[in-house]
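K.L.:
Input file: coords_33.csv. Contents: CSV, C-alpha atoms and all ligand atoms.
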```
chain,number,residue,atom,x,y,z
N,1,GLY,CA,1.6,7.3,-33.1
N,2,GLY,CA,4.9,7.7,-31.5
N,3,ALA,CA,5.0,11.3,-32.6
N,4,SER,CA,6.3,12.9,-29.5
N,5,SER,CA,10.1,12.6,-29.3
N,6,SER,CA,12.3,13.1,-26.3
N,7,GLY,CA,12.4,16.6,-24.9
N,8,VAL,CA,9.7,17.9,-27.3
N,9,LYS,CA,6.5,19.2,-25.8
N,10,GLN,CA,3.2,18.3,-27.6
N,11,GLN,CA,-0.3,19.5,-27.0
N,12,VAL,CA,-3.4,17.4,-27.6
N,13,LYS,CA,-6.9,18.9,-27.7
N,14,LEU,CA,-9.5,16.4,-26.7
N,15,GLU,CA,-13.2,16.7,-27.7
N,16,LYS,CA,-15.9,15.8,-25.2
N,17,GLU,CA,-16.2,12.1,-24.4
N,18,SER,CA,-13.0,11.2,-26.1
N,19,GLU,CA,-9.7,9.8,-24.8
N,20,LEU,CA,-6.0,10.0,-25.5
N,21,ARG,CA,-4.6,6.4,-25.5
N,22,ILE,CA,-0.9,6.2,-24.6
N,23,GLU,CA,1.7,3.5,-24.4
N,24,VAL,CA,4.8,5.0,-22.8
N,25,GLY,CA,8.1,4.2,-24.6
N,26,ASN,CA,10.3,1.4,-23.5
N,27,ASP,CA,13.3,3.4,-22.2
N,28,ALA,CA,12.1,6.6,-20.7
N,29,PRO,CA,9.2,7.9,-18.6
N,30,LEU,CA,6.6,10.3,-20.0
N,31,CYS,CA,5.5,13.6,-18.5
N,32,LEU,CA,2.0,14.7,-18.9
N,33,ARG,CA,-0.3,17.4,-17.6
N,34,LEU,CA,-3.7,18.9,-17.9
N,35,LEU,CA,-3.6,22.4,-19.4
N,36,ASN,CA,-7.3,23.2,-19.4
N,37,GLY,CA,-10.7,21.5,-19.1
N,38,ASN,CA,-11.3,18.4,-17.1
N,39,ALA,CA,-9.8,14.9,-17.6
N,40,GLU,CA,-9.4,11.7,-15.7
N,41,ILE,CA,-7.2,8.6,-15.9
N,42,PHE,CA,-9.2,5.5,-15.2
N,43,GLY,CA,-11.6,7.4,-13.0
N,44,THR,CA,-9.1,9.6,-11.2
N,45,GLU,CA,-9.3,13.3,-12.0
N,46,LEU,CA,-6.2,15.2,-13.0
N,47,ALA,CA,-5.2,18.3,-11.1
N,48,PRO,CA,-4.7,21.2,-13.5
N,49,GLU,CA,-1.2,22.0,-14.6
N,50,ILE,CA,0.6,19.5,-12.4
N,51,TRP,CA,3.1,17.4,-14.3
N,52,LEU,CA,2.7,13.7,-13.8
N,53,ASN,CA,5.5,11.2,-14.5
N,54,PHE,CA,4.5,7.9,-16.1
N,55,PRO,CA,7.0,5.0,-16.1
N,56,PRO,CA,8.2,3.2,-19.3
N,57,ARG,CA,5.8,0.8,-20.9
N,58,LEU,CA,2.7,2.0,-18.9
N,59,LYS,CA,-0.5,1.8,-21.0
N,60,PHE,CA,-3.3,4.2,-20.1
N,61,ALA,CA,-5.9,6.6,-21.4
N,62,VAL,CA,-6.7,10.2,-20.5
N,63,PHE,CA,-10.5,10.6,-20.8
N,64,THR,CA,-12.5,13.8,-20.8
N,65,TRP,CA,-16.2,14.2,-20.3
N,66,TYR,CA,-16.5,17.8,-21.5
N,67,GLY,CA,-13.2,18.5,-23.4
N,68,ALA,CA,-9.6,19.1,-22.3
N,69,THR,CA,-6.2,20.1,-23.5
N,70,ILE,CA,-3.3,17.8,-22.5
N,71,GLU,CA,0.4,18.5,-22.7
N,72,MET,CA,3.0,15.7,-23.0
N,73,GLU,CA,6.8,15.6,-22.9
N,74,GLY,CA,8.8,12.5,-23.6
N,75,THR,CA,8.6,9.5,-25.9
N,76,THR,CA,5.6,7.3,-26.5
N,77,GLU,CA,5.4,3.9,-28.1
N,78,THR,CA,2.0,4.9,-29.4
N,79,ASP,CA,-0.5,7.8,-28.7
N,80,TYR,CA,-3.8,8.4,-30.5
N,81,THR,CA,-7.2,9.9,-29.8
N,82,ALA,CA,-10.3,7.8,-29.8
N,83,ASP,CA,-13.9,9.1,-29.6
N,84,GLU,CA,-15.6,5.8,-29.4
N,85,THR,CA,-15.4,4.5,-25.8
N,86,PRO,CA,-17.7,2.6,-23.5
N,87,MET,CA,-17.2,5.2,-20.8
N,88,VAL,CA,-20.9,6.3,-20.7
N,89,SER,CA,-22.1,2.7,-20.0
N,90,TYR,CA,-19.4,2.4,-17.3
N,91,VAL,CA,-20.4,5.5,-15.6
N,92,ASN,CA,-24.0,4.4,-15.7
N,93,VAL,CA,-23.0,1.3,-13.8
N,94,HIS,CA,-21.3,3.5,-11.3
N,95,ALA,CA,-24.5,5.6,-10.9
N,96,ILE,CA,-26.6,2.4,-10.3
N,97,LEU,CA,-24.1,1.2,-7.7
N,98,GLU,CA,-24.0,4.6,-6.1
N,99,ALA,CA,-27.8,4.6,-5.8
N,100,ARG,CA,-27.6,1.2,-4.1
N,101,ARG,CA,-25.0,2.4,-1.7
N,102,THR,CA,-27.2,5.4,-0.8
N,103,ARG,CA,-30.2,3.1,-0.3
N,104,ALA,CA,-28.1,0.8,1.9
N,105,LYS,CA,-26.9,3.8,4.0
N,106,ALA,CA,-30.5,5.1,4.4
N,107,SER,CA,-31.8,1.7,5.3
N,108,SER,CA,-32.9,1.8,9.0
N,109,SER,CA,-33.8,-1.8,9.4
N,110,GLY,CA,-31.3,-3.9,11.3
N,111,ASP,CA,-31.5,-6.4,8.5
N,112,SER,CA,-27.8,-6.7,7.4
N,113,GLU,CA,-28.8,-7.7,3.9
N,114,SER,CA,-30.5,-4.4,3.0
N,115,SER,CA,-28.0,-2.2,4.9
N,116,GLN,CA,-25.1,-3.6,2.8
N,117,GLY,CA,-23.7,-1.9,-0.3
N,118,PRO,CA,-23.5,-3.7,-3.6
N,119,ARG,CA,-21.0,-6.5,-4.0
N,120,VAL,CA,-19.8,-6.5,-7.6
N,121,ILE,CA,-17.6,-9.0,-9.4
N,122,VAL,CA,-16.0,-8.1,-12.7
N,123,VAL,CA,-15.5,-11.0,-15.1
N,124,GLY,CA,-14.3,-11.5,-18.7
N,125,PRO,CA,-11.6,-13.0,-20.8
N,126,THR,CA,-8.0,-11.9,-20.6
N,127,ASP,CA,-7.3,-8.4,-21.8
N,128,SER,CA,-10.9,-7.3,-21.7
N,129,GLY,CA,-10.2,-4.5,-19.3
N,130,LYS,CA,-11.4,-6.1,-16.0
N,131,SER,CA,-8.7,-4.4,-13.9
N,132,THR,CA,-9.3,-1.1,-15.5
N,133,LEU,CA,-13.1,-1.1,-15.1
N,134,SER,CA,-12.6,-2.1,-11.4
N,135,ARG,CA,-10.2,0.7,-11.0
N,136,MET,CA,-12.7,3.2,-12.5
N,137,LEU,CA,-15.6,2.1,-10.4
N,138,LEU,CA,-13.5,2.2,-7.3
N,139,SER,CA,-12.2,5.7,-8.0
N,140,TRP,CA,-15.6,7.1,-8.9
N,141,ALA,CA,-17.0,5.6,-5.7
N,142,ALA,CA,-14.2,7.0,-3.5
N,143,LYS,CA,-14.6,10.4,-5.1
N,144,GLN,CA,-18.2,10.4,-3.9
N,145,GLY,CA,-17.2,9.6,-0.4
N,146,SER,CA,-17.7,5.8,-0.4
N,147,LYS,CA,-15.1,3.4,0.9
N,148,PRO,CA,-15.3,0.3,-1.4
N,149,THR,CA,-13.2,-2.7,-0.7
N,150,PHE,CA,-11.3,-4.1,-3.6
N,151,VAL,CA,-10.6,-7.9,-3.7
N,152,ASP,CA,-8.2,-8.7,-6.4
N,153,LEU,CA,-8.7,-12.3,-7.6
N,154,ASP,CA,-6.4,-11.9,-10.6
N,155,ILE,CA,-3.4,-14.0,-9.8
N,156,GLY,CA,-1.7,-13.4,-13.1
N,157,GLN,CA,-1.7,-9.6,-13.6
N,158,GLY,CA,-3.2,-8.3,-10.4
N,159,SER,CA,-3.2,-4.7,-9.3
N,160,ILE,CA,-2.4,-4.9,-5.6
N,161,THR,CA,0.4,-7.1,-4.8
N,162,ILE,CA,2.9,-9.4,-6.5
N,163,PRO,CA,1.9,-12.1,-9.0
N,164,GLY,CA,0.6,-15.4,-7.7
N,165,CYS,CA,-1.3,-13.8,-4.8
N,166,ILE,CA,-4.8,-12.8,-4.1
N,167,ALA,CA,-5.3,-9.7,-2.0
N,168,ALA,CA,-7.9,-7.2,-0.7
N,169,THR,CA,-7.5,-3.6,0.2
N,170,PRO,CA,-9.9,-0.8,1.2
N,171,ILE,CA,-9.9,2.1,-1.2
N,172,GLU,CA,-10.5,5.5,0.4
N,173,MET,CA,-9.3,7.9,-2.3
N,174,PRO,CA,-9.2,7.9,-6.0
N,175,ILE,CA,-6.4,5.6,-7.2
N,176,ASP,CA,-3.1,7.2,-8.0
N,177,PRO,CA,-2.8,7.4,-11.8
N,178,VAL,CA,0.9,6.6,-11.8
N,179,GLU,CA,1.4,4.2,-8.9
N,180,GLY,CA,-1.9,2.3,-9.1
N,181,ILE,CA,-3.2,0.8,-5.9
N,182,THR,CA,-0.8,1.0,-3.0
N,183,LEU,CA,-1.0,-1.8,-0.5
N,184,GLU,CA,-2.0,-0.4,2.9
N,185,MET,CA,-4.0,-3.0,4.7
N,186,PRO,CA,-4.6,-6.4,3.2
N,187,LEU,CA,-7.6,-8.1,4.9
N,188,LEU,CA,-7.8,-11.6,6.1
N,189,LEU,CA,-7.9,-13.1,2.7
N,190,LEU,CA,-9.9,-16.3,2.9
N,191,HIS,CA,-12.5,-14.6,5.1
N,192,ALA,CA,-12.9,-11.8,2.6
N,193,ILE,CA,-13.4,-14.2,-0.3
N,194,ARG,CA,-15.9,-16.4,1.6
N,195,THR,CA,-18.0,-13.4,2.5
N,196,LEU,CA,-17.8,-11.9,-1.0
N,197,LYS,CA,-21.3,-12.9,-2.0
N,198,ALA,CA,-21.5,-10.9,-5.2
N,199,ASN,CA,-24.9,-9.5,-6.1
N,200,VAL,CA,-23.8,-7.7,-9.3
N,201,VAL,CA,-21.8,-9.5,-12.0
N,202,LEU,CA,-20.3,-7.3,-14.7
N,203,VAL,CA,-19.4,-9.3,-17.8
N,204,LEU,CA,-16.9,-7.6,-20.0
N,205,GLY,CA,-16.8,-8.2,-23.8
N,206,GLN,CA,-17.9,-11.8,-24.0
N,207,GLU,CA,-21.4,-12.7,-25.2
N,208,LYS,CA,-21.0,-16.4,-24.4
N,209,LEU,CA,-19.8,-15.9,-20.9
N,210,TYR,CA,-22.7,-13.4,-20.3
N,211,SER,CA,-25.4,-15.7,-21.4
N,212,MET,CA,-23.9,-18.6,-19.5
N,213,LEU,CA,-23.7,-16.7,-16.3
N,214,ARG,CA,-27.2,-15.3,-16.8
N,215,ASP,CA,-28.6,-18.8,-17.2
N,216,VAL,CA,-26.7,-20.2,-14.2
N,217,LEU,CA,-27.7,-17.3,-12.0
N,218,LYS,CA,-31.3,-17.1,-13.2
N,219,GLY,CA,-32.5,-19.0,-10.1
N,220,GLU,CA,-31.0,-16.3,-7.9
N,221,PRO,CA,-33.2,-13.2,-8.0
N,222,LYS,CA,-30.7,-11.2,-6.0
N,223,VAL,CA,-28.0,-11.4,-8.6
N,224,ASP,CA,-27.9,-8.9,-11.5
N,225,VAL,CA,-25.8,-9.9,-14.5
N,226,VAL,CA,-24.8,-7.0,-16.7
N,227,LYS,CA,-23.1,-7.1,-20.1
N,228,LEU,CA,-20.6,-4.4,-20.9
N,229,GLN,CA,-18.6,-3.6,-23.9
N,230,ARG,CA,-14.8,-3.9,-23.9
N,231,SER,CA,-12.9,-0.7,-24.6
N,232,GLY,CA,-11.0,-0.6,-27.9
N,233,GLY,CA,-8.1,0.8,-25.9
N,234,VAL,CA,-7.4,-2.3,-23.9
N,235,VAL,CA,-4.0,-3.5,-25.0
N,236,SER,CA,-3.7,-7.2,-25.7
N,237,ARG,CA,-0.7,-8.8,-24.1
N,238,ASN,CA,0.8,-12.0,-25.4
N,239,VAL,CA,2.4,-14.6,-23.2
N,240,LYS,CA,5.9,-13.0,-23.4
N,241,VAL,CA,4.5,-9.6,-22.5
N,242,ARG,CA,2.6,-11.1,-19.6
N,243,GLN,CA,5.7,-12.8,-18.3
N,244,LYS,CA,7.7,-9.6,-18.6
N,245,ALA,CA,5.0,-7.7,-16.8
N,246,ARG,CA,5.0,-10.2,-14.0
N,247,SER,CA,8.7,-10.0,-13.7
N,248,PHE,CA,8.6,-6.2,-13.6
N,249,ARG,CA,6.0,-6.4,-10.9
N,250,ILE,CA,8.2,-8.5,-8.7
N,251,ARG,CA,11.1,-6.2,-9.4
N,252,GLU,CA,8.9,-3.3,-8.4
N,253,TYR,CA,8.0,-5.0,-5.1
N,254,PHE,CA,11.7,-5.1,-4.1
N,255,TYR,CA,13.1,-2.0,-5.9
N,256,GLY,CA,10.1,0.3,-6.3
N,257,LEU,CA,8.5,1.6,-9.4
N,258,LEU,CA,11.2,4.1,-10.0
N,259,ASN,CA,14.1,2.2,-8.4
N,260,ASP,CA,13.4,4.2,-5.3
N,261,LEU,CA,13.5,1.4,-2.7
N,262,SER,CA,16.6,-0.3,-1.5
N,263,PRO,CA,16.1,-3.9,-0.5
N,264,HIS,CA,18.4,-5.7,1.9
N,265,SER,CA,20.4,-8.8,1.4
N,266,ASN,CA,20.2,-11.0,4.5
N,267,ILE,CA,21.7,-14.3,5.5
N,268,ALA,CA,19.9,-16.9,7.7
N,269,ASN,CA,20.7,-20.4,8.9
N,270,PHE,CA,18.6,-23.2,7.5
N,271,SER,CA,17.6,-23.9,11.1
N,272,ASP,CA,16.1,-20.5,11.6
N,273,LEU,CA,13.5,-20.9,8.8
N,274,CYS,CA,10.7,-23.3,8.1
N,275,VAL,CA,9.5,-23.5,4.6
N,276,TYR,CA,6.1,-24.9,3.7
N,277,ARG,CA,4.1,-25.6,0.5
N,278,ILE,CA,0.4,-25.4,0.4
N,279,GLY,CA,-1.6,-28.2,-1.3
N,280,GLY,CA,0.0,-30.8,-3.5
N,281,GLY,CA,0.5,-34.5,-2.7
N,282,PRO,CA,-2.4,-36.8,-1.8
N,283,GLN,CA,-3.3,-36.8,1.9
N,284,ALA,CA,-3.5,-40.6,2.3
N,285,PRO,CA,-1.7,-43.5,0.5
N,286,ARG,CA,-4.0,-45.7,-1.6
N,287,SER,CA,-3.4,-48.6,0.8
N,288,ALA,CA,-5.0,-46.6,3.6
N,289,LEU,CA,-8.2,-45.8,1.7
N,290,PRO,CA,-11.4,-47.9,1.2
N,291,ILE,CA,-11.2,-50.2,-1.9
N,292,GLY,CA,-12.1,-48.2,-5.0
N,293,ALA,CA,-11.5,-44.8,-3.4
N,294,GLU,CA,-9.1,-42.5,-5.2
N,295,PRO,CA,-6.6,-40.4,-3.2
N,296,VAL,CA,-7.3,-36.8,-3.7
N,297,ALA,CA,-5.0,-33.9,-3.2
N,298,ASP,CA,-6.1,-31.6,-0.4
N,299,PRO,CA,-5.6,-28.1,-1.7
N,300,THR,CA,-5.3,-26.6,1.8
N,301,ARG,CA,-2.8,-29.1,3.2
N,302,VAL,CA,0.4,-27.5,4.5
N,303,VAL,CA,3.4,-29.6,3.6
N,304,PRO,CA,7.0,-29.0,5.0
N,305,VAL,CA,9.7,-28.4,2.3
N,306,ASN,CA,13.4,-29.3,2.6
N,307,ILE,CA,15.7,-26.3,2.2
N,308,ASN,CA,18.0,-27.1,-0.7
N,309,ARG,CA,19.2,-25.6,-4.0
N,310,ASP,CA,15.7,-25.9,-5.5
N,311,LEU,CA,14.8,-22.8,-3.5
N,312,LEU,CA,17.3,-20.7,-5.5
N,313,HIS,CA,15.6,-17.8,-7.4
N,314,MET,CA,12.2,-18.6,-5.7
N,315,VAL,CA,10.0,-15.9,-4.3
N,316,LEU,CA,8.8,-17.0,-0.8
N,317,ALA,CA,6.0,-15.4,1.2
N,318,VAL,CA,6.6,-14.6,4.8
N,319,SER,CA,3.6,-15.7,6.9
N,320,PHE,CA,2.3,-13.9,10.0
N,321,ALA,CA,1.5,-17.4,11.4
N,322,LYS,CA,2.9,-18.3,14.8
N,323,GLU,CA,2.3,-22.0,14.3
N,324,PRO,CA,2.3,-24.1,11.1
N,325,GLU,CA,-1.4,-24.8,11.7
N,326,GLU,CA,-2.1,-21.1,11.3
N,327,ILE,CA,-0.4,-20.8,7.9
N,328,ILE,CA,-3.5,-21.5,5.9
N,329,SER,CA,-5.6,-18.8,7.6
N,330,SER,CA,-2.9,-16.2,8.1
N,331,ASN,CA,-2.0,-13.2,6.0
N,332,VAL,CA,1.4,-12.8,4.5
N,333,ALA,CA,3.6,-10.0,5.8
N,334,GLY,CA,5.5,-9.7,2.5
N,335,PHE,CA,7.9,-11.6,0.3
N,336,ILE,CA,11.6,-12.5,0.1
N,337,TYR,CA,13.7,-13.6,-2.9
N,338,VAL,CA,16.3,-16.4,-2.5
N,339,THR,CA,19.6,-15.3,-4.0
N,340,ASP,CA,21.8,-18.1,-2.7
N,341,VAL,CA,21.6,-21.5,-0.9
N,342,ASP,CA,24.9,-22.7,0.7
N,343,ILE,CA,24.4,-26.4,1.4
N,344,GLN,CA,27.8,-26.8,3.1
N,345,ARG,CA,27.4,-23.9,5.5
N,346,LYS,CA,23.6,-24.4,5.8
N,347,LYS,CA,23.0,-20.8,5.0
N,348,ILE,CA,20.4,-19.1,2.8
N,349,THR,CA,20.9,-15.6,1.4
N,350,TYR,CA,17.8,-13.6,0.5
N,351,LEU,CA,16.6,-10.2,-0.6
N,352,ALA,CA,13.9,-8.6,1.6
N,353,PRO,CA,12.2,-5.2,1.4
N,354,SER,CA,14.0,-4.1,4.5
N,355,ALA,CA,16.8,-5.0,7.0
N,356,GLY,CA,16.2,-6.8,10.3
N,357,ASP,CA,14.5,-10.0,11.3
N,358,LEU,CA,11.6,-11.5,9.4
N,359,PRO,CA,8.3,-11.2,11.3
N,360,SER,CA,8.0,-15.0,11.4
N,361,LYS,CA,10.2,-18.0,10.5
N,362,PHE,CA,7.3,-19.6,8.5
N,363,LEU,CA,7.8,-19.2,4.8
N,364,ILE,CA,5.5,-20.3,2.1
N,365,LEU,CA,6.8,-21.7,-1.2
N,366,GLY,CA,4.6,-21.2,-4.3
N,367,SER,CA,5.7,-21.7,-7.9
N,368,LEU,CA,6.9,-18.1,-8.4
N,369,THR,CA,10.5,-17.9,-9.6
N,370,TRP,CA,12.1,-14.7,-10.7
N,371,LEU,CA,15.4,-14.1,-12.5
N,372,GLU,CA,16.7,-10.7,-11.4
N,373,THR,CA,17.8,-8.8,-14.5
T,401,LIG,P1,-6.0,-9.6,-17.5
T,401,LIG,O1,-7.0,-10.6,-18.0
T,401,LIG,O2,-4.6,-9.8,-17.9
T,401,LIG,O3,-6.1,-9.4,-16.0
T,401,LIG,P2,-7.7,-7.3,-17.8
T,401,LIG,O4,-8.9,-7.8,-18.5
T,401,LIG,O5,-7.8,-7.0,-16.4
T,401,LIG,O6,-6.4,-8.2,-18.1
T,401,LIG,P3,-6.6,-4.6,-18.0
T,401,LIG,O7,-5.5,-4.9,-17.2
T,401,LIG,O8,-7.7,-3.8,-17.4
T,401,LIG,O9,-7.2,-5.9,-18.6
T,401,LIG,O10,-6.2,-3.9,-19.4
T,401,LIG,C1,-5.1,-4.3,-20.1
T,401,LIG,C2,-4.1,-3.2,-20.5
T,401,LIG,O11,-4.8,-2.2,-21.3
T,401,LIG,C3,-3.6,-2.5,-19.2
T,401,LIG,O12,-2.3,-2.2,-19.4
T,401,LIG,C4,-4.5,-1.2,-19.2
T,401,LIG,O13,-3.8,-0.1,-18.6
T,401,LIG,C5,-4.6,-0.9,-20.7
T,401,LIG,N1,-5.9,-0.2,-21.0
T,401,LIG,C6,-7.1,-0.5,-20.6
T,401,LIG,N2,-8.0,0.4,-21.1
T,401,LIG,C7,-7.3,1.3,-21.9
T,401,LIG,C8,-7.6,2.4,-22.6
T,401,LIG,N3,-8.9,2.8,-22.8
T,401,LIG,N4,-6.6,3.0,-23.3
T,401,LIG,C9,-5.4,2.6,-23.2
T,401,LIG,N5,-5.0,1.6,-22.5
T,401,LIG,C10,-5.9,0.9,-21.8
```
How does the structure come out when it is put into structure tokens?
P.N.:
Amino acid sequence: GGASSSGVKQQVKLEKESELRIEVGNDAPLCLRLLNGNAEIFGTELAPEIWLNFPPRLKFAVFTWYGATIEMEGTTETDYTADETPMVSYVNVHAILEARRTRAKASSSGDSESSQGPRVIVVGPTDSGKSTLSRMLLSWAAKQGSKPTFVDLDIGQGSITIPGCIAATPIEMPIDPVEGITLEMPLLLLHAIRTLKANVVLVLGQEKLYSMLRDVLKGEPKVDVVKLQRSGGVVSRNVKVRQKARSFRIREYFYGLLNDLSPHSNIANFSDLCVYRIGGGPQAPRSALPIGAEPVADPTRVVPVNINRDLLHMVLAVSFAKEPEEIISSNVAGFIYVTDVDIQRKKITYLAPSAGDLPSKFLILGSLTWLET
């Protein structure tokens, strides 16, 4: 591992059904191209001879079905070839899903059930490769002309938007191997999740979870639970690495993957903004409840928040809502980062992806803080 040093070109010959696993070095990007044969990165085929630029710390694999030669230039933290991968079982899942899509398309009955494509949910422990498997299934489907919708329920290390959020996006082409999923059109989130009645459950790398789910879902004949092996290439990330990845992800939202975006610093009066928190405190005081009843926190309750120094370094979502009542069912337009709160002058300074007015004065406070480094 770590054999390639800066500026030195290195060629790697891959046998059929093997992959080159790479962790890009910490300080500099890595350039890579396909010299001959066919190869893909998490389901997306590489164009021949085109140099791709991978940012520092990215972990990925270049897989080949029939053999390929890869050329790299730059520094890697590790790079090694593996010929034992679960890719055949993954592509079999794809083939079954594709057959179901074809059947749904051909279905002439007006019955909405049979004319719908499969709804798949990928589950498994942390670092089992859930995001990666989803990405491959999406890219393979898109390559065959389908338009799967991806709903990312992973609030810790999601692939679509910033940490702490859930998001959905339609995938129309294979996912970019360097940039990942670009956010084009988030759906109405709650609606998407309520209607996500999965009929295929893919369980990655955990026997216990698999048998549990299989038992629970036994009564439901329409749900298939499939056990899949975890790839040996999935890189485990400890708490520190996860925190760092989250922090980079927020930085990337404002500054771009390659520092190619220029966010704007804006100033607003306290009176121009309304900050809300979702969930929290019990709805009714104990005294207002029947004897013996416990007050419960309503997770969908929208609570106004005072603007004060507590907002410093917080990431706030900007809602599309026009009224506070709409906040819970509205999408967010994007995010701002609070860089200063001036109590005396009642002004708040924040970083936004672009200049100009925010699309709404309704901001949502989560628990996401970020220390710009
Ligand atoms: P989490 O529980 O944190 O959401 P996850 O189960 O979704 O994790 P992934 O994000 O898919 O796991 O994978 C973890 C890391 O391992 C990612 O950085 C991914 O790019 C990397 N990875 C996955 N498969 C491979 C592979 N075959 N070779 C090299 N790196 C890989």
K.L.:
Could you make a table, as a tab-separated table, of the residues of chain N that have an atom within 6 Å of an atom of ligand LIG 401 (chain T), each with its nearest atom pair and distance in Å to one decimal, counting all atoms listed in the file, in chain and number order?
P.N.:
```
residue	atom	partner	partner_atom	distance
N:Arg21	CA	T:LIG401	C9	4.5
N:Ile22	CA	T:LIG401	C9	5.9
N:Lys59	CA	T:LIG401	O13	4.5
N:Phe60	CA	T:LIG401	N5	3.9
N:Ala61	CA	T:LIG401	N4	4.1
N:Pro125	CA	T:LIG401	O1	5.9
N:Thr126	CA	T:LIG401	O1	3.1
N:Asp127	CA	T:LIG401	O4	3.7
N:Ser128	CA	T:LIG401	O4	3.8
N:Gly129	CA	T:LIG401	O8	3.2
N:Lys130	CA	T:LIG401	O5	3.7
N:Ser131	CA	T:LIG401	O8	3.7
N:Thr132	CA	T:LIG401	O8	3.7
N:Asp154	CA	T:LIG401	O3	6.0
N:Gln157	CA	T:LIG401	O3	5.0
N:Ser231	CA	T:LIG401	N3	5.6
N:Gly233	CA	T:LIG401	C8	3.7
N:Val234	CA	T:LIG401	O11	3.7
N:Val235	CA	T:LIG401	O11	4.0
```
K.L.:
Counting all atoms listed in the file, find residues at most 8 Å from (-26.4, -6.7, -15.6) (file frame) and give them as a ChimeraX atom specification.
P.N.:
/N:200-203,224-227
K.L.:
Would you kindly return, as a list in words, each protein, DNA or RNA residue with an atom no farther than 6 Å from any atom of range 134-137 of chain N, considering all atoms listed in the file and excluding same-chain residues fewer than 2 positions away?
P.N.:
Phe42, Gly43, His94, Ser131, Thr132, Ser139 and Trp140 of chain N
K.L.:
Just the number, please: distance in Å from CA of Thr78 in chain N to CA of Leu20 in chain N, one decimal.
P.N.:
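For CA of Thr78 in chain N relative to CA of Leu20 in chain N, the distance reads 10.3 Å.
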K.L.:
Set the distance at 12 Å and use only C-alpha atoms: which residues neighbour range 8-15 of chain N once local chain neighbours fewer than 2 positions away are removed? I'd like the list as a compact mmCIF listing (two decimals) with C-alpha atoms, keeping the file's coordinate frame.
P.N.:
```
# COMPACT_ATOMS: atom_id res chain seq x y z
CA GLY N 2 4.90 7.70 -31.50
CA ALA N 3 5.00 11.30 -32.60
CA SER N 4 6.30 12.90 -29.50
CA SER N 5 10.10 12.60 -29.30
CA SER N 6 12.30 13.10 -26.30
CA GLU N 17 -16.20 12.10 -24.40
CA SER N 18 -13.00 11.20 -26.10
CA GLU N 19 -9.70 9.80 -24.80
CA LEU N 20 -6.00 10.00 -25.50
CA ARG N 21 -4.60 6.40 -25.50
CA ILE N 22 -0.90 6.20 -24.60
CA LEU N 30 6.60 10.30 -20.00
CA CYS N 31 5.50 13.60 -18.50
CA LEU N 32 2.00 14.70 -18.90
CA ARG N 33 -0.30 17.40 -17.60
CA LEU N 34 -3.70 18.90 -17.90
CA LEU N 35 -3.60 22.40 -19.40
CA ASN N 36 -7.30 23.20 -19.40
CA GLY N 37 -10.70 21.50 -19.10
CA ASN N 38 -11.30 18.40 -17.10
CA ALA N 39 -9.80 14.90 -17.60
CA GLU N 40 -9.40 11.70 -15.70
CA ALA N 61 -5.90 6.60 -21.40
CA VAL N 62 -6.70 10.20 -20.50
CA PHE N 63 -10.50 10.60 -20.80
CA THR N 64 -12.50 13.80 -20.80
CA TRP N 65 -16.20 14.20 -20.30
CA TYR N 66 -16.50 17.80 -21.50
CA GLY N 67 -13.20 18.50 -23.40
CA ALA N 68 -9.60 19.10 -22.30
CA THR N 69 -6.20 20.10 -23.50
CA ILE N 70 -3.30 17.80 -22.50
CA GLU N 71 0.40 18.50 -22.70
CA MET N 72 3.00 15.70 -23.00
CA GLU N 73 6.80 15.60 -22.90
CA GLY N 74 8.80 12.50 -23.60
CA THR N 75 8.60 9.50 -25.90
CA THR N 76 5.60 7.30 -26.50
CA ASP N 79 -0.50 7.80 -28.70
CA TYR N 80 -3.80 8.40 -30.50
CA THR N 81 -7.20 9.90 -29.80
CA ALA N 82 -10.30 7.80 -29.80
CA ASP N 83 -13.90 9.10 -29.60
CA GLU N 84 -15.60 5.80 -29.40
```
K.L.:
With distances taken over all atoms listed in the file, which residue among N:Asn269, N:Gln116, N:Gln144, N:Asn259 lies nearest Tyr350 in chain N?
P.N.:
N:Asn269
K.L.:
Set the distance at 12 Å and use all atoms listed in the file: which residues neighbour range 311-316 of chain N once local chain neighbours fewer than 2 positions away are removed? I'd like the list as a PyMOL selection string.
P.N.:
chain N and resi 162-165+247+250-251+253-254+270+273-278+305-309+318-319+332-343+347-352+358+361-373
K.L.:
What is the distance between CA of Ile41 in chain N and CA of Asn199 in chain N, in Å to one decimal?
P.N.:
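Atom-to-atom, CA of Ile41 in chain N to CA of Asn199 in chain N, that is 27.1 Å.
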K.L.:
Between CA of Leu257 in chain N and CA of Ala245 in chain N, what is the distance in Å, rounded to a tenth?
P.N.:
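Going from CA of Leu257 in chain N over to CA of Ala245 in chain N covers 12.4 Å.
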K.L.:
List the neighbours of Ala106 in chain N out to 12 Å using all atoms listed in the file; skip same-chain residues closer than 5 positions along the sequence, and give me the result as a compact mmCIF listing (two decimals) with C-alpha atoms, in the frame of the given file.
P.N.:
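The result, stored in selection-v9.txt:
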```txt
# COMPACT_ATOMS: atom_id res chain seq x y z
CA ALA N 99 -27.80 4.60 -5.80
CA ARG N 100 -27.60 1.20 -4.10
CA ARG N 101 -25.00 2.40 -1.70
CA SER N 114 -30.50 -4.40 3.00
CA SER N 115 -28.00 -2.20 4.90
CA GLN N 116 -25.10 -3.60 2.80
CA GLY N 117 -23.70 -1.90 -0.30
```
K.L.:
May I ask which of the residues N:Ser107, N:Lys346, N:Ile328, N:Pro86 is the closest one to Gly232 in chain N, counting all atoms listed in the file?
P.N.:
N:Pro86
